[in-house]
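Notes to accompany the following structure.
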Amino acid sequence: MKRTYIEELSKHQGEEVTLKGWLYHKRSSGKIKFLVMRDGTGIVQGVLVKGAASDEVFDCFDKLTQESSFVMKGKAKKEDRAPGGYEIEVSDIEIVSVAQDYPITPKEHGVEFLMDRRHLWLRSSRQHAVLRIRHEIIRAIREFFDSRGFLLLDAPIFTPAACEGTSTLFETDYFDLGKAYLTQSGQLYGEAGAMAFGKVYVFGPTFRAEKSKTRRHLTEFWMVEPEVAYFDLNDDMDLAEEFLEHIVQSVLKNRMPELKTLERNTEFLENVKRPLPRITYDEAVDILKRKGVNFEWGNDFGGSDETVISEQFDRPVMVHRYPAKIKAFYMKRDPQNSDLALALDVLAPEGYGEIIGGSQREDDLDILTQRIREHSLPQDAFEWYLDLRRYGSVPHAGFGLGVERTVGWICGLDHVRETIPFARMIYRLTP
Ligand code: 4AD
Ligand code: MG
């Protein structure tokens with residue numbers, strides 16, 4: 001008989017179906033036995049009634065342990081009281097593999113215990129909700145750019161030099177060519193793409209040897225980076241707010257059951273509509289001062305500063321024009337004040353902090369060459385990048401959105417470790 005997925009049961013009411021999955025849990029109530037199967041697309045309750053199901057089927061029920069794999073046949077019917085909303089009147093069970101002592105039981109486990117068993121933890125309903133929302137966010141990201149004529153440009157992962165400063169580079173030997181570094185950002189390649197195709201987005205894994213053990217830092221994370229020729233900082237901010245609105249509204253539209261599973265209060269998410277507030281770095285510093293935070297102009301915001309600033313707003317806030325000396329070498333200076341960079345950070349509400357970093361790029365050959373020197377970067381490795389200023393240089397801008405921080409914020413999680421299937425952090429390389 002053809003296999004049915006649990007999520008399709010509504011189309012098979014009253015029919016005999018064959019379901020293939022794993023045992024979530026089971027219980028007995030007098031002569032009736034209940035088992036809950038999960039198949040990755042949902043859960044459904046099977047009911048065994050003496051007389052209706054054979055003794056062999058009841059034997060199988062006894063042998064099934066949590067996470068044993070099995071095939072179940074029976075009639076599907078709607079049952080609002082059952083988990084998942086459907087019930088199977090079981091006529092046959094075939095055991096595929098009996099699981100011995102599955103380590104993740106319904107009792108509470110510590111987060112490190114679960115992270116050590118992440119390969120199994122992925123089967124739980126909460127992790128399903130998080131990773132389905134991640135999937136929806138990635139789908140919405142691609143849809144946004146694809147429907148606006150952006151070309152997907154894949155940047156290399158092995159690179160000859162730093163993009164975001166040398167302090168967080170992962171280094172590896174590269175045959176006879178010396179050292180290679182894992183990319184911190186595909187942006188520089190995105191800029192080459194923008195000069196070739198007008199508007200592109202780079203989307204891939206990025207790597208930072210961050211020593212920070214915070215709830216916002218991974219050593220390997222996914223970033224999506226649009227880059228557009230003839231864009232200035234304002235255009236960049238317009239794009240960023242439209243982009244965030246699209247992502248959040250897509251999740252609200254398509255993943256409400258998952259947000260409910262996570263008990264996410266969606267009030268702040270509903271607010272993510274254009275226009276988003278825009279404030280300068282100076283105005284953000286004023287907020288900190290007003291709130292009694294001891295902060296010196298010229299420093300970068302720490303996680304707790306970002307929390308204080310974002311708490312003043314009911315939706316993400318865009319902070320622009322940061323002191324140039326705390327920002328990357330490639331950012332263009334503000335023509336009104338050369339101490340400032342035409343930089344943009346977007347801070348998520350509810351204390352989630354920076355989810356987007358971006359800027360207008362320096363498009364003048366001499367100034368950019370000078371910046372590379374000031375940052376003690378190897379000019380050889382950047383000659384190709386300087387070519388973009390030698391041959392038809394134009395104003396351009398872009399930004400990078402961190403996927404995991406965005407998932408963490410939208411799901412309302414207190415740590416990014418659950419936002420990616422297998423997290424890589426300073427103290428975690430397994431499983
Ligand atoms: O602000 P960042 O460093 O910007 C760039 O890399 C630019 N080249 C982007 C561009 O303009 N094309 O990083 C961008 C975003 C951050 O806002 C944050 O969401 C995420 O990447 N991010 C991290 N996420 C998880 N763990 C880390 N260690 C992260 N570092 C940055
Ligand atoms: Mg940043």
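Following the order of the structure tokens, chains are lettered A, B, ..., residues in each are numbered from 1, and ligands are numbered from 1.
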
- Query: Within 7 Å of ligand 2, counting only C-alpha atoms and all ligand atoms: which residues, as a ChimeraX atom specification?
  - Reply: /A:345,354,356-357

- DSSP says strand (DSSP E) for which residues of range 76-316 of chain A? Put them as JSON, numbers by chain? {"A": [76, 77, 78, 86, 87, 88, 89, 90, 91, 92, 93, 94, 95, 96, 97, 151, 152, 158, 159, 171, 172, 173, 179, 180, 181, 182, 199, 200, 201, 202, 203, 204, 205, 206, 207, 220, 221, 222, 223, 224, 225, 226, 227, 228, 229, 278, 279, 280]}

- Could you please determine the separation between CA of Ala381 in chain A and CA of Pro160 in chain A in Å, to one decimal place? 6.3 Å

- Protein and nucleic residues near ligand 1, 8 Å, only C-alpha atoms and all ligand atoms, as an MDAnalysis selection string: chainID A and resid 163:164 184:188 190 207:210 216:227 345:346 354:359 397:406 416

- Query: Looking at only C-alpha atoms, which of A:Ala161, A:Ala99, A:Leu276, A:Val317 is the one that sits closest to Glu242 in chain A?
  - Reply: A:Leu276

- Message: So, with only C-alpha atoms as the atoms that count, which of A:Ile43, A:Ala162, A:Ile420, A:Ile104 lies closest to Ile138 in chain A?
- Response: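 Closest to Ile138 in chain A, using only C-alpha atoms: A:Ile420.
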
- Hey, which of A:Ile95, A:Leu365, A:Ile88, A:Ala52 ends up closest to Gly21 in chain A? Count only C-alpha atoms. A:Ile95

- Message: I'd like the neighbourhood of range 277-288 of chain A as a PyMOL selection string, where a residue qualifies if any of its atoms comes within 6 Å (using only C-alpha atoms), though same-chain residues fewer than 4 positions away should be ignored.
- Response: chain A and resi 293+317-322

- Message: Need the shell around Arg428 in chain A: protein/DNA/RNA residues with any atom at most 9 Å away, counting only C-alpha atoms. Skip same-chain ones fewer than 5 positions apart. Format as a ChimeraX atom specification?
- Response: /A:115-116,423

Let's have the selection written as a CSV table (one decimal), in the first residue's frame, with N, CA, C and O atoms.
```csv
chain,number,residue,atom,x,y,z
A,115,MET,N,22.9,19.0,24.1
A,115,MET,CA,23.8,19.4,23.1
A,115,MET,C,24.7,18.3,22.7
A,115,MET,O,25.1,18.1,21.5
A,116,ASP,N,25.1,17.5,23.7
A,116,ASP,CA,26.0,16.4,23.4
A,116,ASP,C,25.3,15.3,22.6
A,116,ASP,O,25.9,14.5,21.9
A,423,ALA,N,25.6,23.2,16.2
A,423,ALA,CA,26.3,24.4,16.5
A,423,ALA,C,27.8,24.2,16.7
A,423,ALA,O,28.2,23.2,17.2
```

- Item | Which of range 239-347 of chain A fall in helix (DSSP H, G or I), as a VMD selection string | chain A and resid 239 to 254 256 to 261 267 to 270 281 to 290 303 to 310 324 to 326

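With CA of Tyr201 in chain A on one side and CA of Gly408 in chain A on the other, the separation reads 22.2 Å.
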
- Query: Thr183 in chain A: which residues within 6 Å, counting only C-alpha atoms, same-chain residues fewer than 3 positions away excluded, as a list in words?
  - Reply: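 Using only C-alpha atoms, the neighbours found are Ile157, Thr159, Thr206 and Phe207 of chain A.
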
- For CA of Leu19 in chain A and CA of Tyr5 in chain A, quote the distance in Å rounded to one decimal.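 Atom-to-atom, CA of Leu19 in chain A to CA of Tyr5 in chain A, that is 6.4 Å.
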
- Name the residues in contact with range 129-133 of chain A at a cut-off of 9 Å, using only C-alpha atoms, excluding same-chain residues fewer than 6 positions from it; report them as a list in words. Leu122, Val251, Asn254, Arg255, Pro257, Glu258, Leu259, Lys260, Thr261, Leu262, Val407, Gly408, Ile410, Cys411, Glu418, Thr419, Ile420 and Pro421 of chain A

- What's the 9 Å shell around Pro349 in chain A, counting only C-alpha atoms, without same-chain residues fewer than 6 positions away, as a PyMOL selection string? chain A and resi 268+307+309-317+409

- Quick one: of A:His135, A:Ala180, A:Tyr189, A:Leu340, who's nearest to Pro156 in chain A, counting only C-alpha atoms?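 Under the stated criterion, the closest residue is A:Tyr189.
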